[in-house]
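Engineer: There's a structure below that I have some questions on.
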Amino acid sequence: MASVTSLTASVHQRLASALSAALPGTADADPLLRRSDRADYQANGILALAKKAKANPRELAAQVVERVESGDVIKEIEVSGPGFLNVTVTDRAILENLAARATDPAERLGVPHADDAGTTVIDYAQPNVAKEMHVGHLRSAVIGDAMVQILEFTGETVVRRHHIGDWGTQFGMLIQYVDEHPETLDHELGTDEVSGEQAMSNLNRLYKASRQLFDSDEEFKTRARRRVVDLQAGDPATLAVWQRFVDESKIYFYSVFDKLDMKIDDPDIVGESGYNDMLEETCRLLEESGVAVRSEGALCVFFDDVKGPDGNPVPLIVRKSDGGYGYAATDLSAIRDRVFNLKATSLLYVVDARQALHFRMVFETARRAGWLGDDVTAHQLAFGTVLGKDGKPFKTREGETVRLIDLLDEAIERATAVVREKDTQQRLSETEIVERGTQVGIGAVKYADLSTSANRDYKFDLDQMVSLNGDTSVYLQYAYARIQSILRKAGETRPVPHPELELADAERALGLHADQFAETVAESAKEYAPHKLAAYLYQLASLYTTFYDKCPVLKAETPAQVENRLFLGDVTARTLHQGMALLGIRTPERL
Ligand code: ARG
């Protein structure tokens, strides 16, 4: 079905046409319509437009009032202050609009699906082989997954790329060690089915043992370095062992992603090694076009505005003086692949803010080389650091980085306790408590991450995250479950909109906010800002709570009012459910 124009959009449209009629010659004059406390909406754009047209703002506002077509939509419109407009809409318009959204069979709730949208290649959830995943990897996975859902929902074609760290000199050491200790091949890298946890502890053991040897035995060090050369040269035996490391690591990654309730598909894992075949050509093209130059044996790209503390330029090193390729060569090759083979129109990188300079230089280099044209956008969705309660980067008491899996387990444990405690009448079975606890715990971690704007640091505070009051996922999940419980209690009485009814203030506020779902999704997609969707949903749940306190549902005065209030609850619940799903968070039917 066609998308439903929101009420906001139709009020906007009416004001805009009245404005162009009042100010001939100004096409698409924007009335800057915003939700407001004084009326339903306030239009703030008239002042600036009047100034530009050298007109009196209050007079212009009055002319808009005179010309606007109210239809069944606008109930009241008045000039206020120096030239604002206060607009109140009819109760009928609110209900009819929600009713139209609610009949959408695909549960899109009026959100348009663009058929001619672009292709975004999104780089997210990129842990490193043979290394433990830590809290930093949480953000990329959670924010990236939300962006995938949001973009796909708007119609964008999304190609996922998990740019895992699966290449580099450390593999020389690891492979050499395994080669010299063949028994580890069966033990630590055995083909038997192992759990993610076991896989990681196997890898940790190998890493520690080989590192120790590497640091203490000069001859081993030399042999390990030679191994790197073999690996790069594509020696089959060396590659085979390398592959075992990658496979063992994937078992571990999948177990973590699984716990995160996140679907990652194997073909989308294209790690650094996936671009090996392109590196040489990437360098050649950069050198031939003069974008990169040789400097002290290395192949470098220079930027006027990138300088070190000593004032000397800091180049992007594409190939080191020893001939080795670095992180930049891989990322530049990946851009070529994503633009020319995957036909991306947008490149999105969900990566730690501390890599901002790297991406700035990589994007600029790709622009100079002509790989990124005007028709392709490249953006780093940079995220801040996860802090401990003390406001410092999150560490264990022993000063080590915190394992992601431990955090998730703790969150699930806490949430399960909350669910158990809340179930005072013991209606849930033990299995249900565990299942809900997991959904609440993982939801809590994701929501805390998604509800602050990505570029800010945030404190990882489990007490706060699983709190029933405040801006938490549990609060949203409870709002959803409460509505479901009311709908169940209503039995045969079904939610039905009654546009003829007069609405109470709390009903209007809820309805007007529900109306903004499509705009919010569009804005979150366009600005790569899942936190805007989170804030919207929190507000929706809060407005529902107020509505629930003020307006009896099943005990409302008339049968029509009961149905209508059930309807408002139903639309709210469906919006919460769909919105939370876009954030990767479950909404259990009962809590
Ligand atoms: N593996 C890297 C890390 O753990 C992140 C990779 C980011 N993506 C990229 N295309 N460079 O920090």
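Residues are referred to by chain and number: the chain letter is A, B, ... according to the order shown in the structure tokens, the number counts from 1 in that chain, and ligands are numbered separately from 1 in the order shown.
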Counting only C-alpha atoms and all ligand atoms, which protein, DNA or RNA residues come within 9 Å of ligand 1, given as a PyMOL selection string?
Structural biologist: chain A and resi 123-129+133+136-137+140+161-166+271-272+327-328+330-332+334-335+349-352+355+358-359
Engineer: Could you pull out the residues in region 270-488 of chain A that DSSP calls alpha helix (DSSP H) from the backbone, as a PyMOL selection string?
Structural biologist: chain A and resi 276-288+327-336+356-368+404-422+430-451+462-465+473-488
Engineer: Please identify all polymer residues within 12 Å of Pro393 (chain A), counting only C-alpha atoms, omitting same-chain residues fewer than 2 positions from it, and present them as JSON, numbers by chain.
Structural biologist: {"A": [134, 135, 136, 384, 385, 386, 387, 388, 389, 390, 391, 395, 396, 397, 399, 400, 401, 402, 457, 458, 459, 460]}
Engineer: Atoms to include: N, CA, C and O atoms. Write the selected residues as a PDB file, in the first residue's frame.
Structural biologist:
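Here's the written file result_24.pdb:
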ATOM      1  N   HIS A 134      36.293  -7.280  22.877  1.00  0.00           N
ATOM      2  CA  HIS A 134      36.119  -6.481  24.087  1.00  0.00           C
ATOM      3  C   HIS A 134      34.994  -5.490  23.880  1.00  0.00           C
ATOM      4  O   HIS A 134      34.317  -5.481  22.848  1.00  0.00           O
ATOM      5  N   VAL A 135      34.834  -4.636  24.869  1.00  0.00           N
ATOM      6  CA  VAL A 135      33.664  -3.764  24.885  1.00  0.00           C
ATOM      7  C   VAL A 135      33.648  -2.801  23.691  1.00  0.00           C
ATOM      8  O   VAL A 135      32.591  -2.375  23.250  1.00  0.00           O
ATOM      9  N   GLY A 136      34.802  -2.496  23.131  1.00  0.00           N
ATOM     10  CA  GLY A 136      34.852  -1.632  21.959  1.00  0.00           C
ATOM     11  C   GLY A 136      34.161  -2.273  20.755  1.00  0.00           C
ATOM     12  O   GLY A 136      33.577  -1.588  19.924  1.00  0.00           O
ATOM     13  N   GLY A 384      32.112   6.848  20.349  1.00  0.00           N
ATOM     14  CA  GLY A 384      32.983   7.168  21.485  1.00  0.00           C
ATOM     15  C   GLY A 384      33.320   5.935  22.303  1.00  0.00           C
ATOM     16  O   GLY A 384      32.980   4.806  21.947  1.00  0.00           O
ATOM     17  N   THR A 385      33.989   6.185  23.399  1.00  0.00           N
ATOM     18  CA  THR A 385      34.516   5.119  24.242  1.00  0.00           C
ATOM     19  C   THR A 385      33.497   4.695  25.306  1.00  0.00           C
ATOM     20  O   THR A 385      32.744   5.515  25.806  1.00  0.00           O
ATOM     21  N   VAL A 386      33.512   3.411  25.621  1.00  0.00           N
ATOM     22  CA  VAL A 386      32.688   2.921  26.719  1.00  0.00           C
ATOM     23  C   VAL A 386      33.486   3.104  28.003  1.00  0.00           C
ATOM     24  O   VAL A 386      34.615   2.630  28.115  1.00  0.00           O
ATOM     25  N   LEU A 387      32.901   3.830  28.957  1.00  0.00           N
ATOM     26  CA  LEU A 387      33.609   4.131  30.192  1.00  0.00           C
ATOM     27  C   LEU A 387      33.073   3.285  31.343  1.00  0.00           C
ATOM     28  O   LEU A 387      31.924   2.847  31.333  1.00  0.00           O
ATOM     29  N   GLY A 388      33.927   3.092  32.335  1.00  0.00           N
ATOM     30  CA  GLY A 388      33.466   2.437  33.563  1.00  0.00           C
ATOM     31  C   GLY A 388      32.693   3.440  34.400  1.00  0.00           C
ATOM     32  O   GLY A 388      32.579   4.613  34.040  1.00  0.00           O
ATOM     33  N   LYS A 389      32.195   2.983  35.547  1.00  0.00           N
ATOM     34  CA  LYS A 389      31.417   3.871  36.410  1.00  0.00           C
ATOM     35  C   LYS A 389      32.232   5.069  36.873  1.00  0.00           C
ATOM     36  O   LYS A 389      31.691   6.113  37.207  1.00  0.00           O
ATOM     37  N   ASP A 390      33.552   4.877  36.924  1.00  0.00           N
ATOM     38  CA  ASP A 390      34.420   5.962  37.381  1.00  0.00           C
ATOM     39  C   ASP A 390      34.699   6.997  36.286  1.00  0.00           C
ATOM     40  O   ASP A 390      35.437   7.947  36.493  1.00  0.00           O
ATOM     41  N   GLY A 391      34.129   6.776  35.124  1.00  0.00           N
ATOM     42  CA  GLY A 391      34.322   7.746  34.040  1.00  0.00           C
ATOM     43  C   GLY A 391      35.611   7.545  33.264  1.00  0.00           C
ATOM     44  O   GLY A 391      35.938   8.313  32.367  1.00  0.00           O
ATOM     45  N   LYS A 395      37.777  -0.866  32.342  1.00  0.00           N
ATOM     46  CA  LYS A 395      38.803  -1.867  32.601  1.00  0.00           C
ATOM     47  C   LYS A 395      38.353  -2.748  33.762  1.00  0.00           C
ATOM     48  O   LYS A 395      37.520  -2.343  34.570  1.00  0.00           O
ATOM     49  N   THR A 396      38.925  -3.924  33.857  1.00  0.00           N
ATOM     50  CA  THR A 396      38.651  -4.750  35.037  1.00  0.00           C
ATOM     51  C   THR A 396      39.429  -4.180  36.208  1.00  0.00           C
ATOM     52  O   THR A 396      40.293  -3.316  36.037  1.00  0.00           O
ATOM     53  N   ARG A 397      39.184  -4.699  37.404  1.00  0.00           N
ATOM     54  CA  ARG A 397      39.920  -4.197  38.570  1.00  0.00           C
ATOM     55  C   ARG A 397      41.425  -4.414  38.397  1.00  0.00           C
ATOM     56  O   ARG A 397      42.235  -3.672  38.916  1.00  0.00           O
ATOM     57  N   GLY A 399      42.936  -3.981  35.773  1.00  0.00           N
ATOM     58  CA  GLY A 399      43.426  -3.076  34.732  1.00  0.00           C
ATOM     59  C   GLY A 399      43.392  -3.679  33.333  1.00  0.00           C
ATOM     60  O   GLY A 399      43.952  -3.132  32.393  1.00  0.00           O
ATOM     61  N   GLU A 400      42.755  -4.837  33.188  1.00  0.00           N
ATOM     62  CA  GLU A 400      42.682  -5.427  31.851  1.00  0.00           C
ATOM     63  C   GLU A 400      41.403  -5.001  31.138  1.00  0.00           C
ATOM     64  O   GLU A 400      40.432  -4.620  31.789  1.00  0.00           O
ATOM     65  N   THR A 401      41.424  -5.098  29.818  1.00  0.00           N
ATOM     66  CA  THR A 401      40.201  -4.781  29.086  1.00  0.00           C
ATOM     67  C   THR A 401      39.147  -5.839  29.420  1.00  0.00           C
ATOM     68  O   THR A 401      39.473  -6.995  29.643  1.00  0.00           O
ATOM     69  N   VAL A 402      37.906  -5.402  29.428  1.00  0.00           N
ATOM     70  CA  VAL A 402      36.835  -6.288  29.840  1.00  0.00           C
ATOM     71  C   VAL A 402      36.378  -7.123  28.651  1.00  0.00           C
ATOM     72  O   VAL A 402      36.166  -6.606  27.558  1.00  0.00           O
ATOM     73  N   ASP A 457      30.972   9.449  24.541  1.00  0.00           N
ATOM     74  CA  ASP A 457      31.345   8.333  25.409  1.00  0.00           C
ATOM     75  C   ASP A 457      30.145   8.040  26.314  1.00  0.00           C
ATOM     76  O   ASP A 457      29.316   8.901  26.529  1.00  0.00           O
ATOM     77  N   TYR A 458      30.050   6.847  26.810  1.00  0.00           N
ATOM     78  CA  TYR A 458      29.007   6.610  27.823  1.00  0.00           C
ATOM     79  C   TYR A 458      29.511   5.650  28.889  1.00  0.00           C
ATOM     80  O   TYR A 458      30.446   4.891  28.664  1.00  0.00           O
ATOM     81  N   LYS A 459      28.856   5.730  30.044  1.00  0.00           N
ATOM     82  CA  LYS A 459      29.262   4.880  31.167  1.00  0.00           C
ATOM     83  C   LYS A 459      28.503   3.568  31.128  1.00  0.00           C
ATOM     84  O   LYS A 459      27.284   3.569  31.007  1.00  0.00           O
ATOM     85  N   PHE A 460      29.242   2.499  31.248  1.00  0.00           N
ATOM     86  CA  PHE A 460      28.613   1.178  31.264  1.00  0.00           C
ATOM     87  C   PHE A 460      28.183   0.898  32.696  1.00  0.00           C
ATOM     88  O   PHE A 460      28.979   0.488  33.536  1.00  0.00           O
TER      89      PHE A 460
END
Engineer: Report the distance between CA of Leu19 (chain A) and CA of Arg101 (chain A) in Å, rounded to one decimal place.
Structural biologist: 28.3 Å
Engineer: Near Ala9 (chain A), counting only C-alpha atoms, which residues have an atom at most 12 Å away, once you skip same-chain residues fewer than 3 positions from it, shown as a list of chain:residue names?
Structural biologist: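 Close residues of Ala9 (chain A): A:Val4, A:Thr5, A:Ser6, A:His12, A:Gln13, A:Arg14, A:Leu15, A:Ala16, A:Asp30, A:Pro31, A:Leu32, A:Leu33, A:Arg34, A:Arg35, A:Tyr41, A:Val73, A:Asn97, A:Leu512, A:Asp515, A:Gln516, A:Phe517, A:Ala518, A:Glu519.
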Engineer: Could you please determine the separation between CA of Ile150 (chain A) and CA of His113 (chain A) in Å, to one decimal place?
Structural biologist: 11.2 Å
Engineer: List every residue of region 68-209 of chain A that DSSP, applied to the backbone of this structure, places in strand (DSSP E), and write the result as a VMD selection string.
Structural biologist: chain A and resid 74 to 80 84 to 89 119 to 123 157 to 161
Engineer: With only C-alpha atoms as the atoms that count, which of A:Gln477, A:Asn204, A:Ser80, A:Ser70 lies nearest to Ile46 (chain A)?
Structural biologist: A:Ser80
Engineer: Between A:Val158, A:Thr222, A:Ile585, A:Gly190, which has the minimum distance to Gly172 (chain A) (counting only C-alpha atoms)?
Structural biologist: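 That would be A:Thr222, the residue with the smallest distance to Gly172 (chain A).
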Engineer: I'd like to know which of A:Ala490, A:Glu507, A:Thr157, A:Ile412 is closest to Met465 (chain A), using only C-alpha atoms.
Structural biologist: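 Closest to Met465 (chain A), using only C-alpha atoms: A:Ile412.
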Engineer: What's the separation between CA of Asp40 (chain A) and CA of Thr88 (chain A), in Å to one decimal place?
Structural biologist: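 Rounded to one decimal, the two atoms are 4.9 Å apart.
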Engineer: Determine, counting only C-alpha atoms, which protein, DNA and RNA residues have an atom within 12 Å of an atom of Asp265 (chain A); residues of the same chain fewer than 5 positions away are not included. Present the result as a list in words.
Structural biologist: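 Returned residues: Ala125, Val159, Arg160, Arg161, His162, Lys250, Phe253, Tyr254, Phe257, Asp258 and Val270 of chain A.
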Engineer: Write out the residues from the selection above, keeping N, CA, C and O atoms, as an mmCIF file, in the first residue's frame.
Structural biologist:
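Printed below is selection_7.cif as written:
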data_model
loop_
_atom_site.group_PDB
_atom_site.id
_atom_site.type_symbol
_atom_site.label_atom_id
_atom_site.label_comp_id
_atom_site.auth_asym_id
_atom_site.auth_seq_id
_atom_site.Cartn_x
_atom_site.Cartn_y
_atom_site.Cartn_z
ATOM 1 N N ALA A 125 30.851 -4.433 12.918
ATOM 2 C CA ALA A 125 31.114 -5.716 13.582
ATOM 3 C C ALA A 125 32.353 -6.362 12.971
ATOM 4 O O ALA A 125 32.262 -7.315 12.216
ATOM 5 N N VAL A 159 24.504 -3.688 1.823
ATOM 6 C CA VAL A 159 25.477 -4.776 1.747
ATOM 7 C C VAL A 159 26.330 -4.704 3.006
ATOM 8 O O VAL A 159 26.899 -3.674 3.331
ATOM 9 N N ARG A 160 26.364 -5.799 3.745
ATOM 10 C CA ARG A 160 27.123 -5.825 4.996
ATOM 11 C C ARG A 160 28.550 -6.282 4.739
ATOM 12 O O ARG A 160 28.770 -7.240 3.991
ATOM 13 N N ARG A 161 29.476 -5.629 5.373
ATOM 14 C CA ARG A 161 30.861 -6.053 5.301
ATOM 15 C C ARG A 161 31.475 -6.058 6.693
ATOM 16 O O ARG A 161 31.517 -5.031 7.356
ATOM 17 N N HIS A 162 31.900 -7.264 7.114
ATOM 18 C CA HIS A 162 32.570 -7.377 8.406
ATOM 19 C C HIS A 162 34.065 -7.444 8.130
ATOM 20 O O HIS A 162 34.579 -8.490 7.737
ATOM 21 N N LYS A 250 36.162 -17.697 14.073
ATOM 22 C CA LYS A 250 34.782 -17.472 13.643
ATOM 23 C C LYS A 250 33.803 -18.196 14.564
ATOM 24 O O LYS A 250 32.719 -17.689 14.852
ATOM 25 N N PHE A 253 33.478 -15.812 17.316
ATOM 26 C CA PHE A 253 32.696 -14.620 16.929
ATOM 27 C C PHE A 253 31.205 -14.929 16.876
ATOM 28 O O PHE A 253 30.380 -14.196 17.407
ATOM 29 N N TYR A 254 30.897 -16.042 16.210
ATOM 30 C CA TYR A 254 29.481 -16.379 16.052
ATOM 31 C C TYR A 254 28.807 -16.584 17.395
ATOM 32 O O TYR A 254 27.646 -16.239 17.572
ATOM 33 N N PHE A 257 28.091 -13.092 18.669
ATOM 34 C CA PHE A 257 27.016 -12.432 17.914
ATOM 35 C C PHE A 257 25.674 -13.079 18.220
ATOM 36 O O PHE A 257 24.641 -12.419 18.279
ATOM 37 N N ASP A 258 25.728 -14.388 18.419
ATOM 38 C CA ASP A 258 24.522 -15.108 18.759
ATOM 39 C C ASP A 258 23.962 -14.622 20.091
ATOM 40 O O ASP A 258 22.771 -14.380 20.242
ATOM 41 N N VAL A 270 34.166 -10.323 5.114
ATOM 42 C CA VAL A 270 35.268 -10.162 4.159
ATOM 43 C C VAL A 270 36.331 -9.377 4.909
ATOM 44 O O VAL A 270 36.270 -8.159 5.020
#
Engineer: Pick the closest to Met262 (chain A) from A:Glu107, A:Glu156, A:Asp145, A:Asp463: which is it, counting only C-alpha atoms?
Structural biologist: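 When distances to Met262 (chain A) are compared using only C-alpha atoms, the smallest one comes from A:Asp145.
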